[in-house]
file coords_18.txt (compact mmCIF, C-alpha atoms)
# COMPACT_ATOMS: atom_id res chain seq x y z
CA MET A 1287 29.77 14.27 -9.45
CA SER A 1288 31.09 17.72 -10.16
CA ASP A 1289 32.48 20.65 -8.24
CA THR A 1290 33.72 24.12 -9.03
CA ALA A 1291 35.32 26.89 -7.02
CA THR A 1292 32.36 29.17 -7.67
CA PRO A 1293 28.77 28.25 -8.49
CA LYS A 1294 27.51 28.38 -12.04
CA PRO A 1295 25.40 31.40 -12.99
CA GLY A 1296 22.13 31.34 -11.11
CA LYS A 1297 23.33 28.96 -8.41
CA VAL A 1298 23.60 30.13 -4.83
CA LEU A 1299 26.17 29.10 -2.24
CA VAL A 1300 24.88 28.11 1.17
CA ALA A 1301 26.96 27.06 4.15
CA ALA A 1302 26.57 23.35 4.90
CA ASP A 1303 25.51 23.91 8.51
CA ASP A 1304 22.92 26.47 7.44
CA LEU A 1305 21.59 24.19 4.74
CA ARG A 1306 21.42 21.28 7.18
CA ALA A 1307 19.48 23.30 9.74
CA PHE A 1308 17.19 24.76 7.07
CA SER A 1309 16.46 21.34 5.56
CA ALA A 1310 15.77 19.88 9.00
CA ALA A 1311 13.36 22.72 9.79
CA LEU A 1312 11.49 22.16 6.51
CA LEU A 1313 11.25 18.40 7.10
CA GLU A 1314 10.04 18.92 10.65
CA LYS A 1315 7.32 21.23 9.33
CA GLY A 1316 6.58 18.48 6.81
CA GLY A 1317 5.69 16.08 9.61
CA LEU A 1318 8.86 14.39 10.88
CA ASP A 1319 9.82 14.73 14.52
CA ALA A 1320 12.90 16.82 15.30
CA GLU A 1321 15.34 13.90 15.50
CA GLN A 1322 14.08 12.27 12.32
CA ALA A 1323 14.21 15.61 10.50
CA ARG A 1324 17.83 16.17 11.57
CA THR A 1325 18.78 12.64 10.52
CA THR A 1326 17.18 13.01 7.09
CA ALA A 1327 18.73 16.43 6.55
CA ASP A 1328 22.15 15.08 7.50
CA VAL A 1329 21.90 12.33 4.87
CA LEU A 1330 20.88 14.81 2.17
CA VAL A 1331 23.55 17.39 3.05
CA TRP A 1332 26.19 14.63 3.18
CA ALA A 1333 25.38 13.77 -0.44
CA ALA A 1334 25.37 17.44 -1.46
CA LEU A 1335 28.75 18.02 0.20
CA ARG A 1336 30.27 15.15 -1.80
CA GLY A 1337 28.91 16.49 -5.08
CA VAL A 1338 26.13 13.90 -5.41
CA ASP A 1339 23.55 16.61 -6.02
CA SER A 1340 20.95 14.19 -7.42
CA HIS A 1341 20.62 12.74 -3.89
CA GLY A 1342 21.31 15.97 -2.02
CA ILE A 1343 19.25 19.03 -1.15
CA ALA A 1344 17.26 18.65 -4.36
CA ARG A 1345 15.49 15.77 -2.61
CA VAL A 1346 14.01 17.90 0.18
CA PRO A 1347 10.96 19.02 -1.87
CA ALA A 1348 10.43 15.41 -2.97
CA TYR A 1349 10.54 14.19 0.64
CA LEU A 1350 8.04 16.89 1.62
CA GLU A 1351 5.75 15.67 -1.14
CA LEU A 1352 6.13 12.03 -0.06
CA LEU A 1353 5.20 13.04 3.48
CA ALA A 1354 2.28 15.22 2.37
CA LYS A 1355 0.82 12.41 0.26
CA GLY A 1356 1.31 9.82 2.98
CA VAL A 1357 3.67 7.75 0.84
CA ALA A 1358 6.28 8.29 3.55
CA ASN A 1359 4.99 7.70 7.06
CA ALA A 1360 5.97 10.44 9.50
CA GLY A 1361 4.59 8.43 12.42
CA ALA A 1362 6.13 5.11 11.47
CA ASP A 1363 6.20 2.34 14.07
CA ILE A 1364 9.71 1.03 13.40
CA ARG A 1365 10.23 -2.46 14.80
CA VAL A 1366 13.18 -4.82 14.97
CA GLU A 1367 12.67 -8.54 14.47
CA SER A 1368 15.50 -10.91 15.34
CA SER A 1369 16.02 -14.56 16.20
CA THR A 1370 19.83 -14.62 16.14
CA PRO A 1371 22.47 -12.26 17.59
CA ALA A 1372 24.15 -11.50 14.26
CA ALA A 1373 21.08 -10.81 12.12
CA ALA A 1374 17.93 -8.72 12.33
CA VAL A 1375 15.15 -7.28 10.21
CA LEU A 1376 14.03 -3.71 10.74
CA ASP A 1377 10.44 -3.15 9.61
CA ALA A 1378 10.37 0.53 8.68
CA ASP A 1379 6.60 0.89 8.34
CA ARG A 1380 7.23 3.25 5.38
CA ALA A 1381 9.52 5.57 7.34
CA PRO A 1382 11.79 7.70 5.14
CA GLY A 1383 14.92 5.79 4.16
CA PRO A 1384 17.36 8.05 6.03
CA VAL A 1385 15.49 7.37 9.27
CA ALA A 1386 15.25 3.61 8.78
CA LEU A 1387 18.73 2.97 7.37
CA THR A 1388 20.49 5.15 9.94
CA ALA A 1389 18.85 3.05 12.65
CA ALA A 1390 19.83 -0.12 10.78
CA ALA A 1391 23.47 1.01 10.48
CA GLU A 1392 23.65 1.72 14.20
CA LEU A 1393 22.14 -1.68 14.97
CA ALA A 1394 24.58 -3.41 12.62
CA VAL A 1395 27.57 -1.76 14.32
CA THR A 1396 26.35 -2.68 17.82
CA ARG A 1397 25.79 -6.31 16.92
CA ALA A 1398 29.02 -6.62 14.93
CA ARG A 1399 30.99 -5.38 17.94
CA THR A 1400 29.73 -8.42 19.84
CA ASN A 1401 29.56 -11.02 17.10
CA GLY A 1402 32.23 -9.93 14.60
CA VAL A 1403 29.66 -9.62 11.84
CA ALA A 1404 26.08 -8.42 11.63
CA ALA A 1405 23.50 -8.16 8.86
CA VAL A 1406 20.41 -5.98 9.19
CA GLY A 1407 17.69 -6.12 6.58
CA VAL A 1408 15.35 -3.15 6.15
CA ARG A 1409 11.80 -3.84 5.03
CA ARG A 1410 9.24 -1.34 3.67
CA THR A 1411 11.12 1.93 3.66
CA VAL A 1412 10.66 4.89 1.30
CA HIS A 1413 13.58 6.26 -0.73
CA THR A 1414 16.83 5.33 0.97
CA GLY A 1415 18.83 8.37 -0.14
CA ALA A 1416 22.56 7.96 -0.80
CA ILE A 1417 23.39 4.46 0.44
CA GLY A 1418 27.04 5.45 0.75
CA TYR A 1419 26.11 7.52 3.81
CA TYR A 1420 25.15 4.48 5.87
CA VAL A 1421 28.18 2.34 5.08
CA ALA A 1422 30.38 5.40 5.64
CA LYS A 1423 28.85 5.73 9.12
CA ILE A 1424 29.78 2.10 9.76
CA ALA A 1425 33.35 2.75 8.58
CA GLU A 1426 33.59 5.77 10.89
CA GLN A 1427 33.28 3.27 13.74
CA GLY A 1428 36.27 1.30 12.42
CA LEU A 1429 34.18 -1.43 10.81
CA VAL A 1430 33.71 -2.41 7.18
CA GLY A 1431 30.28 -1.49 5.84
CA ILE A 1432 28.47 -3.13 2.93
CA GLY A 1433 25.03 -2.15 1.66
CA TYR A 1434 22.52 -3.14 -1.00
CA VAL A 1435 19.18 -1.58 -1.93
CA ALA A 1436 16.31 -2.81 -4.08
CA GLY A 1437 13.51 -0.60 -5.31
CA MET A 1438 10.85 -0.15 -7.93
CA PRO A 1439 11.73 -1.46 -11.41
CA ASN A 1440 12.78 1.45 -13.63
CA MET A 1441 15.66 -0.03 -15.64
CA GLY A 1442 16.01 -2.44 -18.51
CA TYR A 1443 17.02 -6.09 -18.10
CA THR A 1444 19.02 -7.82 -20.80
CA GLY A 1445 16.61 -9.63 -23.12
CA VAL A 1446 13.44 -8.08 -21.62
CA LYS A 1447 11.15 -5.59 -23.36
CA GLY A 1448 10.57 -2.51 -21.18
CA ALA A 1449 11.51 -1.70 -17.58
CA ALA A 1450 12.14 -4.83 -15.55
CA VAL A 1451 14.49 -4.25 -12.59
CA ALA A 1452 15.61 -1.35 -10.39
CA THR A 1453 18.75 0.77 -10.64
CA SER A 1454 19.73 -0.92 -7.39
CA PRO A 1455 22.89 0.45 -5.72
CA LEU A 1456 25.80 -1.23 -3.98
CA ALA A 1457 28.07 0.51 -1.48
CA VAL A 1458 31.21 -0.60 0.36
CA ALA A 1459 33.12 1.48 2.92
CA VAL A 1460 36.50 0.48 4.39
CA PRO A 1461 38.16 2.39 7.24
CA THR A 1462 41.72 3.68 7.01
CA ALA A 1463 44.22 4.53 9.75
CA GLY A 1464 43.23 7.84 11.31
CA SER A 1465 46.74 9.24 11.05
CA SER A 1466 47.24 8.31 7.40
CA GLY A 1467 45.57 11.30 5.80
CA HIS A 1468 43.59 8.93 3.59
CA ALA A 1469 39.83 9.34 3.56
CA PRO A 1470 37.95 6.06 4.04
CA VAL A 1471 37.47 3.98 0.92
CA LEU A 1472 33.90 4.40 -0.33
CA LEU A 1473 32.55 2.60 -3.38
CA ASP A 1474 29.00 3.80 -4.05
CA MET A 1475 27.50 2.78 -7.39
CA ALA A 1476 24.25 1.96 -9.09
CA THR A 1477 23.70 -0.96 -11.43
CA ALA A 1478 22.64 1.44 -14.20
CA THR A 1479 24.87 2.94 -16.87
CA ILE A 1480 23.36 6.40 -16.30
CA ALA A 1481 21.17 7.95 -13.62
CA LEU A 1482 17.57 8.91 -14.35
CA GLY A 1483 18.46 12.44 -13.30
CA LYS A 1484 21.13 12.59 -16.00
CA ILE A 1485 18.55 11.65 -18.61
CA LYS A 1486 16.34 14.52 -17.41
CA GLN A 1487 19.28 16.92 -17.52
CA ALA A 1488 20.13 15.85 -21.07
CA ARG A 1489 16.52 16.33 -22.09
CA ALA A 1490 16.48 19.83 -20.65
CA SER A 1491 19.72 20.81 -22.39
CA GLY A 1492 19.11 18.91 -25.62
CA THR A 1493 22.36 16.99 -25.21
CA PRO A 1494 22.59 13.54 -26.83
CA LEU A 1495 23.00 10.61 -24.45
CA PRO A 1496 25.98 8.22 -24.61
CA GLU A 1497 25.57 5.07 -26.68
CA GLY A 1498 24.09 2.19 -24.72
CA ALA A 1499 23.11 4.30 -21.72
CA ALA A 1500 19.35 4.65 -22.08
CA ALA A 1501 16.34 3.21 -23.84
CA THR A 1502 12.82 4.01 -25.00
CA GLU A 1503 9.76 2.68 -23.21
CA ASP A 1504 9.90 -0.63 -25.10
CA GLY A 1505 13.60 -1.10 -24.31
CA THR A 1506 15.08 0.07 -27.61
CA PRO A 1507 18.47 1.76 -27.00
CA THR A 1508 18.51 5.45 -27.92
CA THR A 1509 20.77 8.48 -27.63
CA ASP A 1510 17.81 10.87 -28.02
CA PRO A 1511 16.99 12.28 -24.56
CA GLU A 1512 13.46 13.11 -25.74
CA LYS A 1513 12.77 9.42 -26.40
CA ALA A 1514 14.73 7.96 -23.49
CA VAL A 1515 12.62 6.98 -20.47
CA MET A 1516 14.84 4.53 -18.62
CA PRO A 1517 18.51 3.73 -18.11
CA LEU A 1518 20.14 0.54 -19.31
CA PRO A 1519 22.08 -1.74 -16.96
CA LEU A 1520 25.80 -1.24 -16.43
CA GLY A 1521 27.71 -3.84 -18.42
CA GLY A 1522 24.55 -5.31 -19.94
CA ALA A 1523 23.76 -8.69 -18.40
CA LYS A 1524 26.22 -8.03 -15.54
CA GLY A 1525 24.39 -4.94 -14.31
CA SER A 1526 20.92 -6.40 -14.73
CA GLY A 1527 22.05 -9.60 -13.02
CA MET A 1528 23.42 -7.63 -10.07
CA SER A 1529 20.14 -5.73 -9.70
CA PHE A 1530 18.18 -8.98 -9.76
CA ALA A 1531 20.52 -10.50 -7.16
CA PHE A 1532 20.06 -7.47 -4.90
CA GLU A 1533 16.29 -7.99 -5.05
CA LEU A 1534 16.85 -11.52 -3.73
CA LEU A 1535 19.35 -10.36 -1.07
CA THR A 1536 17.06 -7.62 0.22
CA SER A 1537 13.38 -7.76 -0.68
CA VAL A 1538 12.92 -11.51 -0.91
CA LEU A 1539 15.19 -12.16 2.07
CA VAL A 1540 13.16 -9.90 4.37
CA GLY A 1541 9.81 -11.17 3.13
CA ALA A 1542 8.80 -8.09 1.16
CA PRO A 1543 9.27 -8.92 -2.54
CA ILE A 1544 9.10 -5.99 -4.93
CA PHE A 1545 9.95 -7.48 -8.34
CA ALA A 1546 7.28 -10.21 -8.41
CA ALA A 1547 4.59 -7.90 -7.03
CA PHE A 1548 5.49 -5.13 -9.51
CA HIS A 1549 5.08 -7.48 -12.47
CA SER A 1550 1.84 -9.02 -11.16
CA ASP A 1551 -1.77 -7.89 -11.65
CA ASP A 1552 -1.95 -6.52 -8.10
CA PRO A 1553 -2.21 -2.68 -8.27
CA GLN A 1554 -0.55 -2.51 -4.84
CA GLY A 1555 2.53 -4.03 -6.46
CA ARG A 1556 3.42 -0.65 -7.95
CA LYS A 1557 3.18 1.29 -4.70
CA HIS A 1558 6.54 2.97 -4.03
CA ARG A 1559 8.75 1.18 -1.53
CA GLN A 1560 12.34 0.05 -1.07
CA ASN A 1561 14.21 -2.60 0.90
CA ALA A 1562 17.84 -2.79 1.95
CA LEU A 1563 20.51 -4.92 3.57
CA LEU A 1564 23.37 -3.46 5.62
CA ILE A 1565 26.30 -5.60 6.72
CA ALA A 1566 28.99 -4.65 9.24
CA LEU A 1567 32.27 -6.54 9.58
CA ASP A 1568 34.51 -5.95 12.61
CA PRO A 1569 38.20 -6.27 11.61
CA ALA A 1570 38.94 -7.29 15.20
CA ALA A 1571 37.13 -10.56 14.51
CA PHE A 1572 39.63 -11.36 11.76
CA GLY A 1573 42.86 -10.25 13.41
CA ASP A 1574 44.55 -7.07 14.63
CA PRO A 1575 42.38 -4.08 13.57
CA ALA A 1576 45.38 -1.73 13.63
CA ALA A 1577 47.28 -4.07 11.32
CA PHE A 1578 44.22 -4.15 9.05
CA THR A 1579 43.95 -0.37 8.64
CA ALA A 1580 47.73 -0.14 8.19
CA ALA A 1581 47.49 -2.69 5.39
CA VAL A 1582 44.57 -0.77 3.87
CA ASP A 1583 46.74 2.36 3.81
CA GLU A 1584 49.63 0.45 2.27
CA THR A 1585 47.29 -0.86 -0.41
CA LEU A 1586 46.05 2.67 -1.14
CA ASP A 1587 49.62 4.01 -1.23
CA THR A 1588 50.53 1.28 -3.71
CA LEU A 1589 47.60 2.21 -5.93
CA LYS A 1590 48.48 5.90 -5.78
CA ARG A 1591 52.08 5.17 -6.84
CA LEU A 1592 51.04 3.34 -10.00
CA PRO A 1593 51.84 5.25 -13.21
CA ALA A 1594 48.92 7.33 -14.43
CA ALA A 1595 47.65 6.68 -17.94
CA ASP A 1596 48.16 9.33 -20.60
CA GLY A 1597 45.61 12.09 -20.17
CA ALA A 1598 44.48 10.90 -16.73
CA GLU A 1599 44.20 13.47 -13.95
CA GLY A 1600 45.76 11.00 -11.56
CA VAL A 1601 45.13 7.66 -9.87
CA PHE A 1602 42.30 7.74 -7.34
CA TYR A 1603 40.74 5.15 -5.07
CA PRO A 1604 36.94 4.94 -4.61
CA GLY A 1605 35.66 7.84 -2.54
CA GLU A 1606 38.86 9.90 -2.67
CA ARG A 1607 37.64 12.58 -5.04
CA SER A 1608 34.20 12.91 -3.44
CA ALA A 1609 35.90 13.35 -0.05
CA ALA A 1610 37.98 16.18 -1.55
CA VAL A 1611 34.81 17.78 -2.94
CA ALA A 1612 33.25 17.54 0.53
CA GLU A 1613 36.22 19.33 2.04
CA ARG A 1614 36.00 22.16 -0.51
CA ARG A 1615 32.25 22.53 -0.26
CA GLY A 1616 32.47 22.40 3.50
CA ALA A 1617 34.77 25.40 3.41
CA ARG A 1618 33.15 27.39 0.60
CA GLY A 1619 29.51 26.41 0.73
CA ILE A 1620 27.24 24.08 -1.21
CA PRO A 1621 26.05 25.29 -4.64
CA VAL A 1622 22.27 24.99 -4.97
CA ALA A 1623 20.59 25.05 -8.37
CA PRO A 1624 18.17 27.96 -8.90
CA LYS A 1625 15.15 25.66 -9.37
CA VAL A 1626 15.94 23.81 -6.15
CA TRP A 1627 16.56 27.03 -4.21
CA ARG A 1628 13.25 28.43 -5.49
CA GLU A 1629 11.42 25.28 -4.36
CA LEU A 1630 13.06 25.42 -0.94
CA THR A 1631 12.29 29.10 -0.41
CA GLU A 1632 8.70 28.61 -1.56
CA ALA A 1633 8.31 25.77 0.94
CA ALA A 1634 9.83 27.99 3.62
CA GLY A 1635 7.22 30.65 2.82
CA ARG A 1636 4.39 28.13 3.21
CA PHE A 1637 5.75 27.00 6.57
CA GLY A 1638 6.63 30.45 7.87
CA LEU A 1639 10.38 29.77 7.90
CA THR A 1640 13.19 32.14 6.96
CA PRO A 1641 15.74 30.70 4.49
CA PRO A 1642 19.41 31.06 5.35
CA GLU A 1643 21.39 33.88 3.79
CA PRO A 1644 23.47 32.63 0.84
CA LYS A 1645 27.22 33.10 0.94
CA PRO A 1646 29.01 35.43 -1.50
CA SER A 1647 29.85 33.49 -4.65
CA ALA A 1648 33.38 34.82 -4.97

call {"tool": "encode", "arguments": {"input": "coords_18.txt", "output": "structure tokens"}}
result
Amino acid sequence: MSDTATPKPGKVLVAADDLRAFSAALLEKGGLDAEQARTTADVLVWAALRGVDSHGIARVPAYLELLAKGVANAGADIRVESSTPAAAVLDADRAPGPVALTAAAELAVTRARTNGVAAVGVRRTVHTGAIGYYVAKIAEQGLVGIGYVAGMPNMGYTGVKGAAVATSPLAVAVPTAGSSGHAPVLLDMATATIALGKIKQARASGTPLPEGAAATEDGTPTTDPEKAVMPLPLGGAKGSGMSFAFELLTSVLVGAPIFAAFHSDDPQGRKHRQNALLIALDPAAFGDPAAFTAAVDETLDTLKRLPAADGAEGVFYPGERSAAVAERRGARGIPVAPKVWRELTEAAGRFGLTPPEPKPSA
């Protein structure tokens, strides 16, 4: 995550609302209905606002390609299967992740309001986007949100030669008291040491990779971005173990295994898909919700008062800095890389759309 007052040379600044409307228009032209297009655009702009550009507007062209190729299903028949009030499985029928997981988050909140806790598994979706968005939406309703995602293996596993597991993310969002001034706590992390996008960026710039962050095709660690093809797990066996556990908690749990199929002889096993699990916890089921958020704020205040280490910019809780970036970008505009802006404007030309006017950079 990064943010600057003005965009780097070549980047353009676009107002968040304009970028959201533009992205939604492109996705609707790509095949989604109006509501699904707005939902997907909102997820992507949310990530861009918070400085998570790898999951932001840069994904719009990729989503258009997934829709054009039929990998993502614009006419998905999304169904909910449930045999108990506190749990459900949403079969996405290859709907884009933002569509499926937004629906799952809403379902989790509704059921948790009644039952105190709810878990909603998502089966057969396509690229979930930033998982932090969905748990943040749960936290906006005053509930605690927890999310896991499993996807296609593209990361090393300790002791295995080659790619074995996915860079599966974990996200946790905890609400704070509305009057506290604290943004909600948001932990959003992958099980990989480095993102695939960072490897591509290093390759483009010729910058060496950190030690232990990436590996060659056979799993040999390397700092050479030209040889690196996959990230290594965060914390070695800890990160690879977490990813494997998330496969069990999502894919296997909802009856749509990815790992075993990927490593089988079935060519369909390598067809892109993802699964997820969203959990909502209602603090009211555990006690006084106002006392809970007050205690959350006290905990954050305590953390913020701890002495900062030498050279540290300060003491921050998860999600604090990205919330500050979102506030700045919301006021000044979202910087869009020249390659991404070119792809977006080219798509607009194909669809007969007019791109929004960029903001002045100063």

call {"tool": "closest_residue", "arguments": {"input": "coords_18.txt", "among": "A:Ala1547, A:Val1346, A:Ile1565, A:Val1435", "to": "A:Leu1393", "atoms": "all atoms listed in the file"}}
result
A:Ile1565

call {"tool": "residues_around", "arguments": {"input": "coords_18.txt", "residues": "stretch 1498-1508 of chain A", "least_positions_apart": "3", "cutoff": "10 Å", "atoms": "all atoms listed in the file", "output": "VMD selection string"}}
result
chain A and resid 1441 to 1450 1478 to 1482 1485 1494 to 1495 1511 to 1522

call {"tool": "residues_around", "arguments": {"input": "coords_18.txt", "residues": "A:Leu1330", "least_positions_apart": "6", "cutoff": "7 Å", "atoms": "only C-alpha atoms", "output": "PyMOL selection string"}}
result
chain A and resi 1341-1343

call {"tool": "residues_around", "arguments": {"input": "coords_18.txt", "residues": "A:Ala1634", "least_positions_apart": "4", "cutoff": "12 Å", "atoms": "all atoms listed in the file", "output": "JSON, numbers by chain"}}
result
{"A": [1308, 1309, 1310, 1311, 1312, 1313, 1314, 1315, 1316, 1346, 1347, 1350, 1627, 1628, 1629, 1630, 1638, 1639, 1640, 1641, 1642]}

call {"tool": "closest_atom_pairs", "arguments": {"input": "coords_18.txt", "of": "stretch 1440-1510 of chain A", "to": "stretch 1396-1420 of chain A", "cutoff": "8 Å", "atoms": "all atoms listed in the file", "output": "JSON lines"}}
result
{"residue": "A:Pro1455", "atom": "CA", "partner": "A:Ile1417", "partner_atom": "CA", "distance": 7.4}
{"residue": "A:Leu1456", "atom": "CA", "partner": "A:Ile1417", "partner_atom": "CA", "distance": 7.6}
{"residue": "A:Ala1457", "atom": "CA", "partner": "A:Gly1418", "partner_atom": "CA", "distance": 5.5}
{"residue": "A:Val1458", "atom": "CA", "partner": "A:Gly1418", "partner_atom": "CA", "distance": 7.4}
{"residue": "A:Ala1459", "atom": "CA", "partner": "A:Gly1418", "partner_atom": "CA", "distance": 7.6}
{"residue": "A:Leu1472", "atom": "CA", "partner": "A:Gly1418", "partner_atom": "CA", "distance": 7.0}
{"residue": "A:Leu1473", "atom": "CA", "partner": "A:Gly1418", "partner_atom": "CA", "distance": 7.5}
{"residue": "A:Asp1474", "atom": "CA", "partner": "A:Gly1418", "partner_atom": "CA", "distance": 5.4}

call {"tool": "residues_around", "arguments": {"input": "coords_18.txt", "residues": "stretch 1375-1387 of chain A", "least_positions_apart": "4", "cutoff": "10 Å", "atoms": "only C-alpha atoms", "output": "mmCIF file with C-alpha atoms, in the coordinates of the input"}}
result
data_model
loop_
_atom_site.group_PDB
_atom_site.id
_atom_site.type_symbol
_atom_site.label_atom_id
_atom_site.label_comp_id
_atom_site.auth_asym_id
_atom_site.auth_seq_id
_atom_site.Cartn_x
_atom_site.Cartn_y
_atom_site.Cartn_z
ATOM 1 C CA LEU A 1318 8.860 14.390 10.880
ATOM 2 C CA GLU A 1321 15.340 13.900 15.500
ATOM 3 C CA GLN A 1322 14.080 12.270 12.320
ATOM 4 C CA ALA A 1323 14.210 15.610 10.500
ATOM 5 C CA ARG A 1324 17.830 16.170 11.570
ATOM 6 C CA THR A 1325 18.780 12.640 10.520
ATOM 7 C CA THR A 1326 17.180 13.010 7.090
ATOM 8 C CA ALA A 1327 18.730 16.430 6.550
ATOM 9 C CA ASP A 1328 22.150 15.080 7.500
ATOM 10 C CA VAL A 1329 21.900 12.330 4.870
ATOM 11 C CA LEU A 1330 20.880 14.810 2.170
ATOM 12 C CA TYR A 1349 10.540 14.190 0.640
ATOM 13 C CA LEU A 1352 6.130 12.030 -0.060
ATOM 14 C CA LEU A 1353 5.200 13.040 3.480
ATOM 15 C CA GLY A 1356 1.310 9.820 2.980
ATOM 16 C CA VAL A 1357 3.670 7.750 0.840
ATOM 17 C CA ALA A 1358 6.280 8.290 3.550
ATOM 18 C CA ASN A 1359 4.990 7.700 7.060
ATOM 19 C CA ALA A 1360 5.970 10.440 9.500
ATOM 20 C CA GLY A 1361 4.590 8.430 12.420
ATOM 21 C CA ALA A 1362 6.130 5.110 11.470
ATOM 22 C CA ASP A 1363 6.200 2.340 14.070
ATOM 23 C CA ILE A 1364 9.710 1.030 13.400
ATOM 24 C CA ARG A 1365 10.230 -2.460 14.800
ATOM 25 C CA VAL A 1366 13.180 -4.820 14.970
ATOM 26 C CA GLU A 1367 12.670 -8.540 14.470
ATOM 27 C CA SER A 1368 15.500 -10.910 15.340
ATOM 28 C CA SER A 1369 16.020 -14.560 16.200
ATOM 29 C CA ALA A 1391 23.470 1.010 10.480
ATOM 30 C CA GLU A 1392 23.650 1.720 14.200
ATOM 31 C CA LEU A 1393 22.140 -1.680 14.970
ATOM 32 C CA ALA A 1405 23.500 -8.160 8.860
ATOM 33 C CA VAL A 1406 20.410 -5.980 9.190
ATOM 34 C CA GLY A 1407 17.690 -6.120 6.580
ATOM 35 C CA VAL A 1408 15.350 -3.150 6.150
ATOM 36 C CA ARG A 1409 11.800 -3.840 5.030
ATOM 37 C CA ARG A 1410 9.240 -1.340 3.670
ATOM 38 C CA THR A 1411 11.120 1.930 3.660
ATOM 39 C CA VAL A 1412 10.660 4.890 1.300
ATOM 40 C CA HIS A 1413 13.580 6.260 -0.730
ATOM 41 C CA THR A 1414 16.830 5.330 0.970
ATOM 42 C CA GLY A 1415 18.830 8.370 -0.140
ATOM 43 C CA ALA A 1416 22.560 7.960 -0.800
ATOM 44 C CA ILE A 1417 23.390 4.460 0.440
ATOM 45 C CA TYR A 1419 26.110 7.520 3.810
ATOM 46 C CA TYR A 1420 25.150 4.480 5.870
ATOM 47 C CA VAL A 1421 28.180 2.340 5.080
ATOM 48 C CA GLY A 1433 25.030 -2.150 1.660
ATOM 49 C CA LEU A 1539 15.190 -12.160 2.070
ATOM 50 C CA VAL A 1540 13.160 -9.900 4.370
ATOM 51 C CA GLY A 1541 9.810 -11.170 3.130
ATOM 52 C CA ALA A 1542 8.800 -8.090 1.160
ATOM 53 C CA HIS A 1558 6.540 2.970 -4.030
ATOM 54 C CA ARG A 1559 8.750 1.180 -1.530
ATOM 55 C CA GLN A 1560 12.340 0.050 -1.070
ATOM 56 C CA ASN A 1561 14.210 -2.600 0.900
ATOM 57 C CA ALA A 1562 17.840 -2.790 1.950
ATOM 58 C CA LEU A 1563 20.510 -4.920 3.570
ATOM 59 C CA LEU A 1564 23.370 -3.460 5.620
#

call {"tool": "atom_distance", "arguments": {"input": "coords_18.txt", "atom1": "atom CA of A:Leu1429", "atom2": "atom CA of A:Val1460"}}
result
7.1 Å

call {"tool": "atom_distance", "arguments": {"input": "coords_18.txt", "atom1": "atom CA of A:Ala1301", "atom2": "atom CA of A:Gly1600"}}
result
29.3 Å

call {"tool": "atom_distance", "arguments": {"input": "coords_18.txt", "atom1": "atom CA of A:Thr1579", "atom2": "atom CA of A:Ile1432"}}
result
16.7 Å

call {"tool": "residues_around", "arguments": {"input": "coords_18.txt", "residues": "stretch 1335-1338 of chain A", "least_positions_apart": "6", "cutoff": "9 Å", "atoms": "all atoms listed in the file", "output": "ChimeraX atom specification"}}
result
/A:1287-1289,1302,1416,1607-1616,1619-1620

call {"tool": "closest_residue", "arguments": {"input": "coords_18.txt", "among": "A:Ser1466, A:Thr1370, A:Ser1550, A:Thr1493", "to": "A:Asp1510", "atoms": "all atoms listed in the file"}}
result
A:Thr1493

call {"tool": "axis_aligned_box", "arguments": {"input": "coords_18.txt", "around": "stretch 1482-1487 of chain A", "padding_each_side": "8 Å", "output": "AutoDock Vina command-line options"}}
result
--center_x 18.7 --center_y 12.9 --center_z -16.0 --size_x 20.8 --size_y 24.0 --size_z 21.3
